[in-house]
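Chemist: Dropping the structure in here first, questions after.
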Amino acid sequence: MFEDAGVFHRIGEGTDVVSKEMYDFEDKGGRTLALRPEQTASVCRAFAQHRPQTPWKVWYAGPNFRYERSQAGRYRQFDQVGVEVLGSDDPEVDVEVISLAWDFYRALGLTRVSLLVNSLGEGEERQRYEAELTAYLGRRRDSLSESARATMERNPLRVLDSKRPEDAAVVAEAPTMSEFLGSSSRRHFESVLGGLDSVGVPWVRSERLVRGLDYYRRTTFEFVSDSLESAQNAVGGGGRYDGLVADLGGPATGGIGFALGLDRTLLACDSEGVFGTTEGTVSVFVVDTAGSSGALSLTHALRRAGVSADRAFDGKSMKSQMKAADRSGAAYAVLIGPDEQSAGTCIVRDMADGTQTTCRIDEAVPTLRAMLDRRPATSTAPSTKKEAP
Ligand code: AMP
């Protein structure tokens, strides 16, 4: 979670993520450390340090930290799961990485996620485009919002990302990166798009797609969900960072990866109802009005046998315990009253249709297991639209 802050300063000085949002501090040994704001830079640092065999395919999962303005879907601590492939320029690697992410969203059951792709060109092409864009934005400065004007000074490309209505006209008429792509970048991008077509991944080209970090070259992409607020609708993204390993002192090495934002992906899952309801997940609720230790021992025995069970506490009345049984969503309630307790029995009540049977208390666990096993799976477990991978 900690990284030498210099790793991030070397690669992203011009970006908000590094210059404004990074948590950095001096440790007791006088080193300047950062709580990592992202993980690609650390993967490239590790590559430059250890020089593994290529292609090097790795993945990560864990928290990142950015001092952002917290709001729904934008947190100061958030989790990412990501993959990186280093050591290949082949556009088919781009296709492999993008389609892996696409297939994952689909396998989760998300249907309202779409893929935006763009090419930011090679370093020099991107620089020429940035110069042209800066000149254009300078000419239109007075029509931009105050925040876009500030962004323009630090990182003109990010102005294209502005979601403010005041900036829409200037952004719409801005020069586009595609005019600046050289033949090699163009060929690479066309191969990526063709590859996506051939594996059946639908894409939308978005000339305005620039990413938060400066190191991207050529292919960039983002997955957006229209089930989320538009300001925080990116559930993941990535791209090529061919110069990054060299910037960190390693050999010139091509690389591409993506990071999936776990928090937002889960928000999208909630908003699409992918996991169904998770309420009422116990199978059995024990109602004990005999005031003995029946509830304690039976609930315990059920849990030990792998049956999810719950009970009431505080010597509540029969009525109140039955209400709790109802709320729990349990398929069966087990009732132990004074009569049952003295007879060594209990009543098993089917909560759906109210039918009741009596069984011996020492046979309650196998009896309930058998009854639960006979039920269709959906009646004892929360309903899931689709099994998560
Ligand atoms: P990035 O590292 O900025 O390219 O972000 C990749 C993905 O991480 C985004 O598409 C989001 O899903 C997620 N993400 C980035 N920043 C945040 C944040 N502050 N809070 C929650 N998710 C985030």
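Residue names in the structure tokens use chain letters A, B, ... in the order shown, residue numbers from 1 in each chain, and ligand numbers from 1 in the order shown.
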Using only C-alpha atoms and all ligand atoms, determine which residues fall within 8 Å of ligand 1, then list them as a ChimeraX atom specification.
Modeler: /A:17,37-39,65-68,70,73-80,211-213,222-224,232-238,258-265
Chemist: Find the residues near Asp24 (chain A): any atom within 8 Å, counting only C-alpha atoms, skip ones fewer than 2 places away on the same chain, and give them as a count of residues only.
Modeler: 7
Chemist: Measure the distance from CA of Ala46 (chain A) to CA of Tyr23 (chain A) in Å and round it to one decimal.
Modeler: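 Pair CA of Ala46 (chain A) / CA of Tyr23 (chain A) returns 20.8 Å.
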Chemist: What's around Lys57 (chain A) at 10 Å? Count only C-alpha atoms, leave out sequence neighbours fewer than 3 positions away in its own chain, and write the answer as a VMD selection string.
Modeler: chain A and resid 53 to 54 83 to 87 255 to 257
Chemist: Report as JSON lines: every residue of region 36-92 of chain A with an atom at most 9 Å from region 7-12 of chain A, its closest pair of atoms, and their distance in Å to one decimal, counting only C-alpha atoms, with rows sorted by chain and ascending residue number.
Modeler:
{"residue": "A:Arg36", "atom": "CA", "partner": "A:Phe8", "partner_atom": "CA", "distance": 8.4}
{"residue": "A:Pro37", "atom": "CA", "partner": "A:Phe8", "partner_atom": "CA", "distance": 8.6}
{"residue": "A:Ala41", "atom": "CA", "partner": "A:Phe8", "partner_atom": "CA", "distance": 6.8}
{"residue": "A:Ser42", "atom": "CA", "partner": "A:Val7", "partner_atom": "CA", "distance": 7.4}
{"residue": "A:Arg45", "atom": "CA", "partner": "A:Val7", "partner_atom": "CA", "distance": 7.3}
Chemist: What lies within 8 Å of Thr299 (chain A) using only C-alpha atoms, ignoring chain neighbours under 4 positions off, as an mmCIF file with N, CA, C and O atoms, in the first residue's frame?
Modeler:
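Just written: out.cif:
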data_model
loop_
_atom_site.group_PDB
_atom_site.id
_atom_site.type_symbol
_atom_site.label_atom_id
_atom_site.label_comp_id
_atom_site.auth_asym_id
_atom_site.auth_seq_id
_atom_site.Cartn_x
_atom_site.Cartn_y
_atom_site.Cartn_z
ATOM 1 N N VAL A 286 -35.643 -20.049 15.474
ATOM 2 C CA VAL A 286 -36.081 -20.825 16.645
ATOM 3 C C VAL A 286 -36.858 -19.910 17.597
ATOM 4 O O VAL A 286 -36.344 -18.878 18.019
ATOM 5 N N ALA A 295 -33.657 -22.742 22.824
ATOM 6 C CA ALA A 295 -33.243 -21.898 21.697
ATOM 7 C C ALA A 295 -31.733 -21.904 21.565
ATOM 8 O O ALA A 295 -31.183 -22.041 20.469
ATOM 9 N N ARG A 303 -26.584 -24.465 13.423
ATOM 10 C CA ARG A 303 -25.443 -23.785 12.779
ATOM 11 C C ARG A 303 -24.284 -24.749 12.583
ATOM 12 O O ARG A 303 -23.629 -24.740 11.547
ATOM 13 N N ALA A 309 -29.278 -20.204 10.960
ATOM 14 C CA ALA A 309 -30.382 -20.135 11.922
ATOM 15 C C ALA A 309 -30.264 -18.886 12.771
ATOM 16 O O ALA A 309 -29.181 -18.340 12.949
ATOM 17 N N ASP A 310 -31.395 -18.424 13.265
ATOM 18 C CA ASP A 310 -31.386 -17.280 14.169
ATOM 19 C C ASP A 310 -32.464 -17.497 15.233
ATOM 20 O O ASP A 310 -33.257 -18.454 15.141
ATOM 21 N N ARG A 311 -32.526 -16.619 16.200
ATOM 22 C CA ARG A 311 -33.458 -16.767 17.317
ATOM 23 C C ARG A 311 -33.702 -15.391 17.923
ATOM 24 O O ARG A 311 -33.014 -14.432 17.587
#
Chemist: As an MDAnalysis selection string, please: every residue in region 84-269 of chain A that DSSP puts in helix (DSSP H, G or I).
Modeler: chainID A and resid 91:108 123:139 141:143 146:154 156:161 165:172 177:180 183:198 230:232 244:247 262:269
Chemist: Between A:Ala364, A:Leu120, A:Arg208, A:Asp214, which residue has the minimum interatomic distance to Ala172 (chain A), considering only C-alpha atoms?
Modeler: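 Nearest to Ala172 (chain A): A:Arg208.
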Chemist: Would you please work out which residue, of A:Phe313, A:Phe275, A:Phe180, A:Tyr216, is nearest to Leu133 (chain A) when using only C-alpha atoms?
Modeler: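 Checking each of A:Phe313, A:Phe275, A:Phe180, A:Tyr216 against Leu133 (chain A), counting only C-alpha atoms, the winner is A:Phe180.
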Chemist: Record the distance separating CA of Ala370 (chain A) and CA of Met318 (chain A), expressed in Å with one decimal.
Modeler: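 Distance reported for this atom pair: 26.2 Å.
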Chemist: Of the candidates A:Gly200, A:Gly243, A:Gly315, A:Gly121, which shows the shortest atom-to-atom distance to Thr176 (chain A), using only C-alpha atoms?
Modeler: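 Between A:Gly200, A:Gly243, A:Gly315, A:Gly121, the residue approaching Thr176 (chain A) most closely is A:Gly121.
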Chemist: Would you list the contacts of Thr357 (chain A) as a PyMOL selection string, taking every protein, DNA or RNA residue within 8 Å and counting only C-alpha atoms, but skipping same-chain residues closer than 2 positions in sequence?
Modeler: chain A and resi 347-349+355+359
Chemist: Which of these, A:Pro202, A:Gly123, A:Gly337, A:Pro156, has the shortest distance to Tyr136 (chain A) once you count only C-alpha atoms?
Modeler: A:Pro156
Chemist: Quick one: pull the distance between CA of Leu144 (chain A) and CA of Arg218 (chain A), Å, one decimal.
Modeler: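 Distance between the two atoms: 27.6 Å.
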Chemist: Nearest residue to Ala107 (chain A) out of A:Asp288, A:Leu368, A:Pro63, A:Val274, using only C-alpha atoms?
Modeler: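 Ranking A:Asp288, A:Leu368, A:Pro63, A:Val274 by distance to Ala107 (chain A), first place goes to A:Val274.
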Chemist: Could you tell me, as a PyMOL selection string, which residues of region 297-336 of chain A DSSP assigns to strand (DSSP E or B) when given the backbone?
Modeler: chain A and resi 309-311+332-336
Chemist: Limited to N, CA, C and O atoms, could you put the picked residues into a file as a short mmCIF file (atom, residue, chain, number, x, y, z; two decimals), in the first residue's frame?
Modeler:
data_model
loop_
_atom_site.label_atom_id
_atom_site.label_comp_id
_atom_site.auth_asym_id
_atom_site.auth_seq_id
_atom_site.Cartn_x
_atom_site.Cartn_y
_atom_site.Cartn_z
N ALA A 309 -29.28 -20.20 10.96
CA ALA A 309 -30.38 -20.13 11.92
C ALA A 309 -30.26 -18.89 12.77
O ALA A 309 -29.18 -18.34 12.95
N ASP A 310 -31.40 -18.42 13.26
CA ASP A 310 -31.39 -17.28 14.17
C ASP A 310 -32.46 -17.50 15.23
O ASP A 310 -33.26 -18.45 15.14
N ARG A 311 -32.53 -16.62 16.20
CA ARG A 311 -33.46 -16.77 17.32
C ARG A 311 -33.70 -15.39 17.92
O ARG A 311 -33.01 -14.43 17.59
N TYR A 332 -38.45 -21.98 7.76
CA TYR A 332 -39.14 -22.70 8.84
C TYR A 332 -38.92 -22.01 10.18
O TYR A 332 -37.84 -21.46 10.43
N ALA A 333 -39.95 -22.05 11.02
CA ALA A 333 -39.77 -21.65 12.41
C ALA A 333 -39.89 -22.93 13.25
O ALA A 333 -40.67 -23.82 12.93
N VAL A 334 -39.07 -23.02 14.28
CA VAL A 334 -39.18 -24.15 15.22
C VAL A 334 -39.72 -23.57 16.52
O VAL A 334 -39.16 -22.63 17.07
N LEU A 335 -40.86 -24.11 16.97
CA LEU A 335 -41.50 -23.57 18.17
C LEU A 335 -41.28 -24.53 19.35
O LEU A 335 -41.56 -25.72 19.25
N ILE A 336 -40.79 -23.96 20.45
CA ILE A 336 -40.63 -24.76 21.67
C ILE A 336 -41.39 -24.03 22.78
O ILE A 336 -40.94 -22.98 23.26
#
Chemist: Which residue gives the smallest distance to Asp103 (chain A) among A:Ala324, A:Val201, A:Phe47, A:Gly82, with only C-alpha atoms counted?
Modeler: A:Val201
